[in-house]
>>> print(open('final.csv').read())   # CSV, C-alpha atoms and all ligand atoms
chain,number,residue,atom,x,y,z
A,34,MET,CA,21.0,3.7,19.6
A,35,SER,CA,23.8,2.1,21.6
A,36,ASN,CA,23.8,-1.6,22.4
A,37,ALA,CA,23.5,-0.8,26.0
A,38,ALA,CA,20.1,0.7,25.3
A,39,GLN,CA,18.8,-2.6,23.9
A,40,THR,CA,16.8,-4.9,26.1
A,41,ALA,CA,15.5,-7.5,23.7
A,42,SER,CA,17.5,-10.5,24.7
A,43,THR,CA,19.5,-12.4,22.2
A,44,GLY,CA,21.1,-14.6,24.8
A,45,ALA,CA,24.6,-15.7,23.8
A,46,LEU,CA,24.1,-14.2,20.3
A,47,ALA,CA,25.6,-10.8,19.6
A,48,PRO,CA,22.8,-8.4,18.6
A,49,ILE,CA,22.4,-7.8,14.9
A,50,SER,CA,24.6,-4.7,14.4
A,51,SER,CA,23.1,-2.5,11.7
A,52,ILE,CA,21.4,-2.4,8.3
A,53,HIS,CA,23.9,-3.6,5.7
A,54,HIS,CA,21.7,-2.6,2.8
A,55,ALA,CA,18.1,-2.0,1.9
A,56,ALA,CA,17.3,-2.9,-1.8
A,57,TYR,CA,14.8,-1.7,-4.3
A,58,ARG,CA,14.0,-2.0,-7.9
A,59,CYS,CA,15.1,0.8,-10.2
A,60,ARG,CA,13.9,1.7,-13.7
A,61,ASP,CA,17.4,2.6,-15.0
A,62,ALA,CA,20.8,2.3,-13.4
A,63,GLU,CA,22.2,5.6,-14.7
A,64,GLN,CA,19.1,7.5,-13.8
A,65,THR,CA,19.3,6.1,-10.3
A,66,ARG,CA,23.1,6.7,-10.1
A,67,TRP,CA,22.5,10.4,-11.0
A,68,PHE,CA,20.1,10.8,-8.0
A,69,TYR,CA,22.0,8.9,-5.4
A,70,GLU,CA,25.5,9.9,-6.4
A,71,ASP,CA,25.3,13.3,-8.1
A,72,VAL,CA,22.4,14.7,-6.0
A,73,LEU,CA,22.7,12.9,-2.6
A,74,GLY,CA,26.5,12.5,-2.8
A,75,LEU,CA,26.4,8.8,-2.0
A,76,PRO,CA,29.3,7.2,-4.0
A,77,LEU,CA,28.5,4.3,-6.3
A,78,VAL,CA,30.6,1.5,-4.8
A,79,ALA,CA,29.5,-1.5,-6.8
A,80,ALA,CA,27.6,-2.3,-10.0
A,81,ILE,CA,27.6,-6.0,-10.3
A,82,ILE,CA,26.3,-7.6,-13.5
A,83,ASN,CA,24.6,-11.0,-12.8
A,84,GLU,CA,23.3,-13.4,-15.4
A,85,LYS,CA,21.1,-15.5,-13.0
A,86,VAL,CA,19.7,-15.3,-9.5
A,87,ALA,CA,21.6,-17.5,-7.2
A,88,GLY,CA,19.6,-20.7,-6.5
A,89,LEU,CA,17.2,-20.3,-9.4
A,90,GLU,CA,17.6,-22.3,-12.6
A,91,LYS,CA,16.2,-19.5,-14.9
A,92,ASP,CA,18.6,-17.0,-16.4
A,93,ILE,CA,17.6,-13.6,-15.1
A,94,PRO,CA,20.1,-10.9,-16.1
A,95,TYR,CA,20.3,-8.0,-13.7
A,96,LEU,CA,22.6,-5.2,-12.5
A,97,HIS,CA,23.0,-4.8,-8.7
A,98,LEU,CA,24.0,-1.3,-7.7
A,99,PHE,CA,25.2,-0.2,-4.3
A,100,PHE,CA,25.7,3.3,-3.0
A,101,ALA,CA,27.6,3.9,0.2
A,102,LEU,CA,26.7,6.0,3.2
A,103,ALA,CA,29.4,7.7,5.3
A,104,ASP,CA,29.1,4.8,7.9
A,105,GLY,CA,29.9,2.2,5.2
A,106,ASN,CA,26.4,0.8,5.0
A,107,THR,CA,24.6,0.9,1.6
A,108,ILE,CA,21.4,1.4,-0.3
A,109,ALA,CA,21.1,-1.0,-3.2
A,110,PHE,CA,19.1,-1.2,-6.4
A,111,PHE,CA,18.3,-3.9,-9.0
A,112,ASP,CA,18.0,-2.9,-12.6
A,113,GLU,CA,16.2,-5.9,-14.1
A,114,PRO,CA,14.5,-4.7,-17.3
A,115,ASP,CA,12.8,-8.1,-18.2
A,116,GLY,CA,10.7,-8.0,-15.0
A,117,ALA,CA,10.2,-4.3,-14.8
A,118,SER,CA,7.2,-2.2,-15.8
A,119,GLU,CA,6.4,1.5,-15.4
A,120,GLY,CA,3.7,0.7,-12.8
A,121,GLN,CA,6.4,-0.4,-10.4
A,122,PHE,CA,7.8,3.2,-10.4
A,123,GLN,CA,4.8,5.2,-9.4
A,124,ARG,CA,5.4,7.4,-6.4
A,125,THR,CA,4.8,5.2,-3.4
A,126,ALA,CA,3.1,6.7,-0.3
A,127,GLY,CA,5.4,7.2,2.7
A,128,PHE,CA,3.2,4.8,4.7
A,129,ASP,CA,4.0,2.0,2.3
A,130,ARG,CA,7.7,2.5,2.2
A,131,HIS,CA,10.4,5.1,2.5
A,132,VAL,CA,14.0,5.4,3.3
A,133,ALA,CA,15.4,7.9,5.8
A,134,PHE,CA,19.0,9.1,5.8
A,135,LEU,CA,20.6,10.9,8.8
A,136,VAL,CA,22.4,14.2,9.0
A,137,ASN,CA,23.8,15.7,12.2
A,138,THR,CA,23.1,19.4,12.1
A,139,GLU,CA,20.3,21.8,11.2
A,140,LYS,CA,22.6,23.6,8.8
A,141,GLU,CA,23.4,20.4,7.0
A,142,LEU,CA,19.7,19.6,6.7
A,143,LEU,CA,18.9,23.0,5.2
A,144,GLU,CA,21.9,22.9,2.9
A,145,TRP,CA,20.9,19.4,1.6
A,146,GLN,CA,17.4,20.7,0.9
A,147,LYS,CA,18.8,23.7,-1.0
A,148,ARG,CA,21.1,21.4,-3.1
A,149,ILE,CA,18.4,18.9,-3.9
A,150,ASN,CA,16.0,21.6,-5.0
A,151,ALA,CA,18.8,23.2,-7.1
A,152,ALA,CA,19.2,19.9,-8.9
A,153,GLY,CA,15.6,20.1,-9.9
A,154,VAL,CA,14.2,17.6,-7.4
A,155,SER,CA,11.4,19.0,-5.4
A,156,CYS,CA,12.3,18.7,-1.7
A,157,HIS,CA,9.9,19.7,0.9
A,158,GLY,CA,10.0,20.4,4.7
A,159,PRO,CA,11.6,20.5,7.1
A,160,VAL,CA,8.7,18.7,8.9
A,161,ASP,CA,8.9,18.6,12.6
A,162,HIS,CA,8.1,15.1,14.0
A,163,GLY,CA,9.1,15.7,17.6
A,164,ILE,CA,11.9,13.2,17.7
A,165,VAL,CA,13.3,14.2,14.3
A,166,ARG,CA,13.0,17.0,11.7
A,167,SER,CA,12.8,15.8,8.1
A,168,ILE,CA,13.0,16.9,4.5
A,169,TYR,CA,11.4,14.7,1.8
A,170,MET,CA,11.7,14.0,-1.9
A,171,TYR,CA,11.1,11.2,-4.4
A,172,ASP,CA,13.9,9.4,-6.2
A,173,PRO,CA,13.4,8.8,-9.9
A,174,ASN,CA,11.9,5.4,-9.1
A,175,GLY,CA,9.1,6.8,-7.0
A,176,LEU,CA,10.7,5.8,-3.8
A,177,GLN,CA,10.2,8.4,-1.1
A,178,THR,CA,13.5,9.4,0.4
A,179,GLU,CA,13.9,11.4,3.6
A,180,ILE,CA,16.8,13.1,5.3
A,181,CYS,CA,16.3,13.6,9.0
A,182,LEU,CA,18.0,15.3,11.9
A,183,ARG,CA,17.6,14.1,15.5
A,184,ALA,CA,15.8,16.8,17.5
A,185,PRO,CA,17.5,18.2,20.6
A,186,GLY,CA,16.8,15.8,23.5
A,187,TYR,CA,16.4,12.8,21.1
A,188,ASP,CA,18.0,10.2,23.4
A,189,ALA,CA,15.8,11.2,26.4
A,190,ALA,CA,12.7,11.4,24.2
A,191,MET,CA,13.4,7.9,22.7
A,192,ALA,CA,14.0,6.5,26.2
A,193,GLU,CA,10.6,7.8,27.2
A,194,GLN,CA,9.0,6.3,24.0
A,195,LYS,CA,10.6,3.0,24.7
A,196,LYS,CA,9.0,2.8,28.1
A,197,VAL,CA,5.5,3.0,26.6
A,198,ALA,CA,6.1,1.2,23.3
A,199,GLY,CA,4.8,-2.2,24.2
A,200,GLU,CA,1.8,-0.8,26.0
A,201,ASN,CA,1.1,1.4,22.9
A,202,ILE,CA,1.0,-1.6,20.7
A,203,ARG,CA,-1.5,-3.3,23.0
A,204,LYS,CA,-3.7,-0.1,23.1
A,205,TRP,CA,-3.5,0.3,19.4
A,206,ASN,CA,-4.4,-3.3,18.7
A,207,ALA,CA,-7.4,-3.0,21.1
A,208,ARG,CA,-8.5,0.0,19.1
A,209,THR,CA,-7.9,-1.3,15.6
A,210,ARG,CA,-8.3,-5.1,15.9
A,211,ALA,CA,-12.0,-5.1,14.7
A,212,THR,CA,-11.1,-3.0,11.6
A,213,LYS,CA,-8.2,-5.3,10.7
A,214,GLU,CA,-10.1,-8.5,11.3
A,215,ALA,CA,-12.8,-7.2,9.0
A,216,LYS,CA,-10.2,-6.5,6.4
A,217,PHE,CA,-7.7,-9.4,6.7
A,218,GLY,CA,-9.4,-12.0,8.9
A,219,ALA,CA,-8.2,-13.1,12.3
A,220,ALA,CA,-6.1,-15.9,10.9
A,221,ALA,CA,-4.0,-13.5,8.8
A,222,LEU,CA,-3.4,-11.3,11.8
A,223,ASP,CA,-2.4,-14.2,14.1
A,224,ARG,CA,-0.3,-16.0,11.5
A,225,ARG,CA,3.5,-15.7,12.1
A,226,THR,CA,4.7,-16.6,8.6
A,227,ALA,CA,4.3,-14.8,5.3
A,228,GLN,CA,1.9,-16.2,2.7
A,229,PRO,CA,3.5,-17.4,-0.5
A,230,SER,CA,3.4,-14.8,-3.3
A,231,THR,CA,0.6,-15.0,-5.8
A,232,ARG,CA,2.3,-12.5,-8.1
A,233,LYS,CA,3.7,-13.8,-11.3
A,234,LYS,CA,7.5,-13.8,-11.2
A,301,FE,FE,10.5,8.5,8.1
>>> encode(input="final.csv", output="structure tokens")
Amino acid sequence: MSNAAQTASTGALAPISSIHHAAYRCRDAEQTRWFYEDVLGLPLVAAIINEKVAGLEKDIPYLHLFFALADGNTIAFFDEPDGASEGQFQRTAGFDRHVAFLVNTEKELLEWQKRINAAGVSCHGPVDHGIVRSIYMYDPNGLQTEICLRAPGYDAAMAEQKKVAGENIRKWNARTRATKEAKFGAAALDRRTAQPSTRKK
């Protein structure tokens, strides 16, 4: 979406421009490199060995991998064996997290699906979502990955969606507030800061 289409005001601040990287844990760097580089064709552009996490006293050796998209932005992974366990690499539901990459033609979408299936990675779809058409697969770490194509009329459809987006949040909250209060409590819903983690580091 172009900057001109944005209305959230940042005052004198330039808007945040794009996602530089999204980062996930991986089981194994080479296994992950195979999927992103050999199957999805995203070149490995960095694999940085670190002995400690900046700002922490404890030595935590890890490898930080970056794979580049055509626009120069990246998807990143951490290979940190000491803190890893197999349970972290179960297939995650798309509702919980997934990453969607973009292609620009139907032909490309179908050719990617063919190539991914030929590599032995089950790739299903295309699924029509109205605004986009998508194919889906899992990476070797259980992360759902999607490749999507903007549907014809995407910009106009999104412009229409934008008009009702705020109102849809209000409607949805009115419909689901009681369910969520029962589950999380009103205080958790109204809080604007994250709770400290109770997970063991
Ligand atoms: Fe998606």
>>> residues_around(input="final.csv", residues="region 82-90 of chain A", least_positions_apart="3", cutoff="12 Å", atoms="all atoms listed in the file", output="ChimeraX atom specification")
/A:62,79,93-99,110-113,234
>>> closest_residue(input="final.csv", among="A:Ala126, A:Cys181, A:Ala190, A:Ala103", to="Val160 (chain A)", atoms="only C-alpha atoms")
A:Cys181
>>> atom_distance(input="final.csv", atom1="CA of Asp71 (chain A)", atom2="CA of Phe100 (chain A)")
11.2 Å
>>> residues_around(input="final.csv", residues="Phe68 (chain A)", least_positions_apart="4", cutoff="12 Å", atoms="all atoms listed in the file", output="PDB file with C-alpha atoms, in the frame of the given file")
ATOM      1  CA  CYS A  59      15.100   0.800 -10.200  1.00  0.00           C
ATOM      2  CA  ASP A  61      17.400   2.600 -15.000  1.00  0.00           C
ATOM      3  CA  ALA A  62      20.800   2.300 -13.400  1.00  0.00           C
ATOM      4  CA  GLU A  63      22.200   5.600 -14.700  1.00  0.00           C
ATOM      5  CA  GLN A  64      19.100   7.500 -13.800  1.00  0.00           C
ATOM      6  CA  VAL A  72      22.400  14.700  -6.000  1.00  0.00           C
ATOM      7  CA  LEU A  73      22.700  12.900  -2.600  1.00  0.00           C
ATOM      8  CA  GLY A  74      26.500  12.500  -2.800  1.00  0.00           C
ATOM      9  CA  LEU A  75      26.400   8.800  -2.000  1.00  0.00           C
ATOM     10  CA  PRO A  76      29.300   7.200  -4.000  1.00  0.00           C
ATOM     11  CA  LEU A  77      28.500   4.300  -6.300  1.00  0.00           C
ATOM     12  CA  PHE A 100      25.700   3.300  -3.000  1.00  0.00           C
ATOM     13  CA  ARG A 148      21.100  21.400  -3.100  1.00  0.00           C
ATOM     14  CA  ILE A 149      18.400  18.900  -3.900  1.00  0.00           C
ATOM     15  CA  ASN A 150      16.000  21.600  -5.000  1.00  0.00           C
ATOM     16  CA  ALA A 152      19.200  19.900  -8.900  1.00  0.00           C
ATOM     17  CA  GLY A 153      15.600  20.100  -9.900  1.00  0.00           C
ATOM     18  CA  VAL A 154      14.200  17.600  -7.400  1.00  0.00           C
ATOM     19  CA  MET A 170      11.700  14.000  -1.900  1.00  0.00           C
ATOM     20  CA  TYR A 171      11.100  11.200  -4.400  1.00  0.00           C
ATOM     21  CA  ASP A 172      13.900   9.400  -6.200  1.00  0.00           C
ATOM     22  CA  PRO A 173      13.400   8.800  -9.900  1.00  0.00           C
ATOM     23  CA  ASN A 174      11.900   5.400  -9.100  1.00  0.00           C
ATOM     24  CA  GLY A 175       9.100   6.800  -7.000  1.00  0.00           C
ATOM     25  CA  LEU A 176      10.700   5.800  -3.800  1.00  0.00           C
ATOM     26  CA  THR A 178      13.500   9.400   0.400  1.00  0.00           C
TER      27      THR A 178
END
>>> residues_around(input="final.csv", residues="Ile164 (chain A)", least_positions_apart="5", cutoff="9 Å", atoms="only C-alpha atoms", output="ChimeraX atom specification")
/A:182-188,190-191
>>> residues_near_ligand(input="final.csv", ligand="ligand FE 301 (chain A)", cutoff="9 Å", atoms="all atoms listed in the file", output="PDB file with C-alpha atoms, in the coordinates of the input")
ATOM      1  CA  GLY A 127       5.400   7.200   2.700  1.00  0.00           C
ATOM      2  CA  PHE A 128       3.200   4.800   4.700  1.00  0.00           C
ATOM      3  CA  ARG A 130       7.700   2.500   2.200  1.00  0.00           C
ATOM      4  CA  HIS A 131      10.400   5.100   2.500  1.00  0.00           C
ATOM      5  CA  VAL A 132      14.000   5.400   3.300  1.00  0.00           C
ATOM      6  CA  ALA A 133      15.400   7.900   5.800  1.00  0.00           C
ATOM      7  CA  PHE A 134      19.000   9.100   5.800  1.00  0.00           C
ATOM      8  CA  VAL A 165      13.300  14.200  14.300  1.00  0.00           C
ATOM      9  CA  SER A 167      12.800  15.800   8.100  1.00  0.00           C
ATOM     10  CA  TYR A 169      11.400  14.700   1.800  1.00  0.00           C
ATOM     11  CA  THR A 178      13.500   9.400   0.400  1.00  0.00           C
ATOM     12  CA  GLU A 179      13.900  11.400   3.600  1.00  0.00           C
ATOM     13  CA  ILE A 180      16.800  13.100   5.300  1.00  0.00           C
ATOM     14  CA  CYS A 181      16.300  13.600   9.000  1.00  0.00           C
TER      15      CYS A 181
END
>>> atom_distance(input="final.csv", atom1="CA of Thr107 (chain A)", atom2="CA of Arg60 (chain A)")
18.7 Å
>>> atom_distance(input="final.csv", atom1="CA of Thr209 (chain A)", atom2="CA of Asp223 (chain A)")
14.1 Å
>>> closest_residue(input="final.csv", among="A:Gln177, A:Lys204, A:Glu193, A:Ser50", to="Asp129 (chain A)", atoms="all atoms listed in the file")
A:Gln177
>>> closest_residue(input="final.csv", among="A:Phe122, A:Val136, A:Leu222, A:Cys156", to="Thr65 (chain A)", atoms="all atoms listed in the file")
A:Phe122
